[in-house]
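These notes concern the structure reproduced below.
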Amino acid sequence: MHTPSAALPGGTWTLGDLTVTRFGYGAMQLAGPGVMGPPADHDGALAVLREAVDRGITHIDTAGAYGPRVTNRLIREALHPYPASLHIVTKVGAVRDQQGGWPPARRPEELRRAVHENLEDLGLDALDVVDLRLGDAQGPRPGSLAEPFEALAELQREGLIRHLGVSNATAQQVAEAREIAPIVCVQNLYNLAHRHDDELIDDLAPEGIAYVPFFPLGGFTPLQSEALTAVATRLEATPMAVALAWLLRRSPNILLIPGTSSAAHLRENITGAGLALTDEDLVELDKIGT
């Protein structure tokens with residue numbers, strides 16, 4: 001039974017010619033500890049993916065580096081053949097080492113291999129959206145993305161990729177990417193406490209480019225967490241619910257991809273994101289990031 005996507009908070013957005021629910025699902029937590037190896041509960045992982053689709057979610061975020069290659073294979077096992085409405089966004093540009101690190105892999109031949117591995121593991125002939133992952137685990141790093149992004153644009157011309165995006169990118173890198181080929185999304189760290197991309201979000205919205213924040217509760221100071229908890233308590237909601245609802249209200253081009261390995265938690269996140277915030281709540285929440 002597929003719930004209509006209108007039942008999900010936030011409605012829909014278009015990534016190029018692909019319509020997706022603004023409330024999506026991030027598959028990273030389906031891999032084992034440290035995003036390495038298989039999940040402890042294989043059947044539970046499949047159940048979460050099926051629950052996401054049954055709830056009407058049409059945007060799943062993944063990467064070949066998760067596991068590595070674990071989450072993509074779980075997505076295929078759980079959902080293939082995919083409903084026509086479902087769109088999978090993946091990332092290339094980093095691999096995993098034996099220590100669980102995320103070394104960059106952005107040479108053209110590495111990107112080509114990563115795209116082919118994603119196609120194979122997901123069971124697809126073409127990938128809906130591929131984000132070029134830039135920077136490192138500490139965040140974006142300045143520098144030109146021309147060589148790797150041109151390599152992805154070439155794979156797009158070959159028909160292996162429908163749409164392109166960038167992840168962990170500076171505003172300058174977003175601008176540089178757009179000079180090489182159209183992009184449909186930017187995936188960066190952003191939340192109530194980390195507002196450094198405010199200007200970028202506002203610039204992208206009228207251009208029809210989605211902004212996809214990761215770590216909706218990442219990197220809060222104890223003081224910021226306290227302020228969020230106070231608002232959440234008053235609203236009789238969880239801090240996660242308030243953080244997700246705030247993101248949906250922040251700008252119409254923001255897409256959510258909260259991750260979880262629990263179907264019950266997924267349902268909680270959907271309900272939480274639909275929390276109604278008043279203008280007074282927003283004024284109070286906006287103080288957290290300043």
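Chain identifiers are assigned as A, B, and so on, following the order in which chains appear in the structure tokens; residues are numbered from 1 within each chain, and ligands are numbered from 1 in order of appearance.
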Checklist entry - Where in segment 20-268 of chain A does DSSP assign alpha helix (DSSP H), given as a PyMOL selection string? => result chain A and resi 42-54+70-79+108-122+146-157+171-180+198-204+222-234+239-250+263-268
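The protein and nucleic acid residues lying at most 6 Å from Ala169 of chain A are Leu134, Pro140 and Gln173 of chain A, with only C-alpha atoms considered and sequence neighbours fewer than 4 positions away removed.
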How would the residues just picked look written out with N, CA and C atoms as an mmCIF file, in the first residue's frame?
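As a result, part_1.cif now contains:
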data_model
loop_
_atom_site.group_PDB
_atom_site.id
_atom_site.type_symbol
_atom_site.label_atom_id
_atom_site.label_comp_id
_atom_site.auth_asym_id
_atom_site.auth_seq_id
_atom_site.Cartn_x
_atom_site.Cartn_y
_atom_site.Cartn_z
ATOM 1 N N LEU A 134 33.177 16.270 -2.151
ATOM 2 C CA LEU A 134 34.410 17.055 -2.088
ATOM 3 C C LEU A 134 34.920 17.129 -0.652
ATOM 4 N N PRO A 140 34.188 20.977 3.962
ATOM 5 C CA PRO A 140 34.630 21.421 2.637
ATOM 6 C C PRO A 140 36.064 21.949 2.678
ATOM 7 N N GLN A 173 32.839 26.418 -5.130
ATOM 8 C CA GLN A 173 32.823 25.158 -5.870
ATOM 9 C C GLN A 173 31.451 24.908 -6.496
#
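The interatomic distance for the pair atom CA of Pro103 of chain A and atom CA of Arg195 of chain A works out to 26.5 Å.
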Item to check | Using only C-alpha atoms: which of A:Leu189, A:Ala263, A:Ala65, A:Val174 has the shortest distance to Ala52 of chain A | outcome: A:Ala263
Next on the checklist: Which residues are near Asp136 of chain A? Cut-off 12 Å, only C-alpha atoms, ignore same chain within fewer than 4 positions. Put them as number ranges by chain.
Outcome noted: A: 93-95, 101-106, 140-142, 167-169, 188
Same residues, N, CA, C and O atoms, saved as a compact mmCIF listing (two decimals), in the first residue's frame:
# COMPACT_ATOMS: atom_id res chain seq x y z
N GLY A 93 33.42 9.94 -5.04
CA GLY A 93 34.49 10.88 -4.72
C GLY A 93 35.24 10.53 -3.45
O GLY A 93 36.23 11.17 -3.09
N ALA A 94 34.78 9.50 -2.73
CA ALA A 94 35.49 9.00 -1.55
C ALA A 94 35.32 7.49 -1.50
O ALA A 94 34.31 6.95 -1.95
N VAL A 95 36.33 6.82 -0.94
CA VAL A 95 36.24 5.37 -0.72
C VAL A 95 36.48 5.12 0.77
O VAL A 95 36.56 6.06 1.56
N GLY A 101 38.53 5.06 7.46
CA GLY A 101 38.64 6.43 6.97
C GLY A 101 37.94 6.59 5.62
O GLY A 101 37.46 5.61 5.04
N TRP A 102 37.89 7.85 5.16
CA TRP A 102 37.19 8.17 3.90
C TRP A 102 38.14 8.86 2.93
O TRP A 102 37.94 10.03 2.57
N PRO A 103 39.23 8.19 2.47
CA PRO A 103 40.16 8.88 1.57
C PRO A 103 39.48 9.28 0.26
O PRO A 103 38.62 8.57 -0.25
N PRO A 104 39.87 10.46 -0.28
CA PRO A 104 39.27 10.91 -1.54
C PRO A 104 39.64 9.97 -2.69
O PRO A 104 40.71 9.36 -2.69
N ALA A 105 38.73 9.85 -3.65
CA ALA A 105 38.97 9.05 -4.85
C ALA A 105 38.31 9.80 -6.00
O ALA A 105 37.22 9.45 -6.44
N ARG A 106 38.97 10.87 -6.45
CA ARG A 106 38.33 11.79 -7.40
C ARG A 106 39.03 11.86 -8.75
O ARG A 106 38.73 12.74 -9.55
N PRO A 140 34.19 20.98 3.96
CA PRO A 140 34.63 21.42 2.64
C PRO A 140 36.06 21.95 2.68
O PRO A 140 36.52 22.44 3.72
N ARG A 141 36.75 21.85 1.55
CA ARG A 141 38.10 22.40 1.40
C ARG A 141 38.12 23.20 0.10
O ARG A 141 37.61 22.73 -0.91
N PRO A 142 38.73 24.39 0.10
CA PRO A 142 38.76 25.18 -1.14
C PRO A 142 39.59 24.48 -2.22
O PRO A 142 40.42 23.63 -1.91
N SER A 167 28.56 17.69 -3.11
CA SER A 167 28.40 17.47 -1.68
C SER A 167 29.65 17.93 -0.96
O SER A 167 30.76 17.78 -1.47
N ASN A 168 29.45 18.49 0.27
CA ASN A 168 30.59 18.94 1.09
C ASN A 168 31.38 20.00 0.33
O ASN A 168 32.61 19.99 0.30
N ALA A 169 30.65 20.93 -0.30
CA ALA A 169 31.25 21.89 -1.22
C ALA A 169 31.19 23.32 -0.67
O ALA A 169 30.27 23.67 0.08
N ASN A 188 25.22 19.52 1.93
CA ASN A 188 26.23 20.04 2.86
C ASN A 188 25.76 19.89 4.30
O ASN A 188 24.57 19.71 4.56
All strand (DSSP E or B) positions in segment 51-85 of chain A, as a PDB file with all heavy atoms, in the first residue's frame:
ATOM      1  N   HIS A  59      12.592   9.624  -2.311  1.00  0.00           N
ATOM      2  CA  HIS A  59      13.978  10.121  -2.398  1.00  0.00           C
ATOM      3  C   HIS A  59      14.809   9.344  -1.377  1.00  0.00           C
ATOM      4  O   HIS A  59      14.625   9.512  -0.172  1.00  0.00           O
ATOM      5  CB  HIS A  59      13.989  11.624  -2.083  1.00  0.00           C
ATOM      6  CG  HIS A  59      15.359  12.224  -1.940  1.00  0.00           C
ATOM      7  ND1 HIS A  59      15.585  13.392  -1.243  1.00  0.00           N
ATOM      8  CD2 HIS A  59      16.573  11.838  -2.393  1.00  0.00           C
ATOM      9  CE1 HIS A  59      16.870  13.693  -1.273  1.00  0.00           C
ATOM     10  NE2 HIS A  59      17.487  12.763  -1.971  1.00  0.00           N
ATOM     11  N   ILE A  60      15.682   8.468  -1.870  1.00  0.00           N
ATOM     12  CA  ILE A  60      16.592   7.730  -0.991  1.00  0.00           C
ATOM     13  C   ILE A  60      18.017   8.154  -1.305  1.00  0.00           C
ATOM     14  O   ILE A  60      18.429   8.187  -2.462  1.00  0.00           O
ATOM     15  CB  ILE A  60      16.432   6.202  -1.155  1.00  0.00           C
ATOM     16  CG1 ILE A  60      15.057   5.765  -0.618  1.00  0.00           C
ATOM     17  CG2 ILE A  60      17.543   5.454  -0.429  1.00  0.00           C
ATOM     18  CD1 ILE A  60      14.787   4.272  -0.738  1.00  0.00           C
ATOM     19  N   ASP A  61      18.756   8.503  -0.256  1.00  0.00           N
ATOM     20  CA  ASP A  61      20.144   8.950  -0.403  1.00  0.00           C
ATOM     21  C   ASP A  61      21.085   7.826   0.031  1.00  0.00           C
ATOM     22  O   ASP A  61      20.889   7.210   1.082  1.00  0.00           O
ATOM     23  CB  ASP A  61      20.380  10.194   0.467  1.00  0.00           C
ATOM     24  CG  ASP A  61      21.819  10.674   0.366  1.00  0.00           C
ATOM     25  OD1 ASP A  61      22.115  11.410  -0.584  1.00  0.00           O
ATOM     26  OD2 ASP A  61      22.637  10.287   1.221  1.00  0.00           O
ATOM     27  N   GLY A  67      29.623   1.099   3.731  1.00  0.00           N
ATOM     28  CA  GLY A  67      29.736  -0.339   3.911  1.00  0.00           C
ATOM     29  C   GLY A  67      31.150  -0.896   3.741  1.00  0.00           C
ATOM     30  O   GLY A  67      31.586  -1.629   4.588  1.00  0.00           O
TER      31      GLY A  67
END
Checklist entry - Rounded to one decimal in Å, what is the spacing between atom CA of Ala151 of chain A and atom CA of Glu120 of chain A? => result 19.2 Å
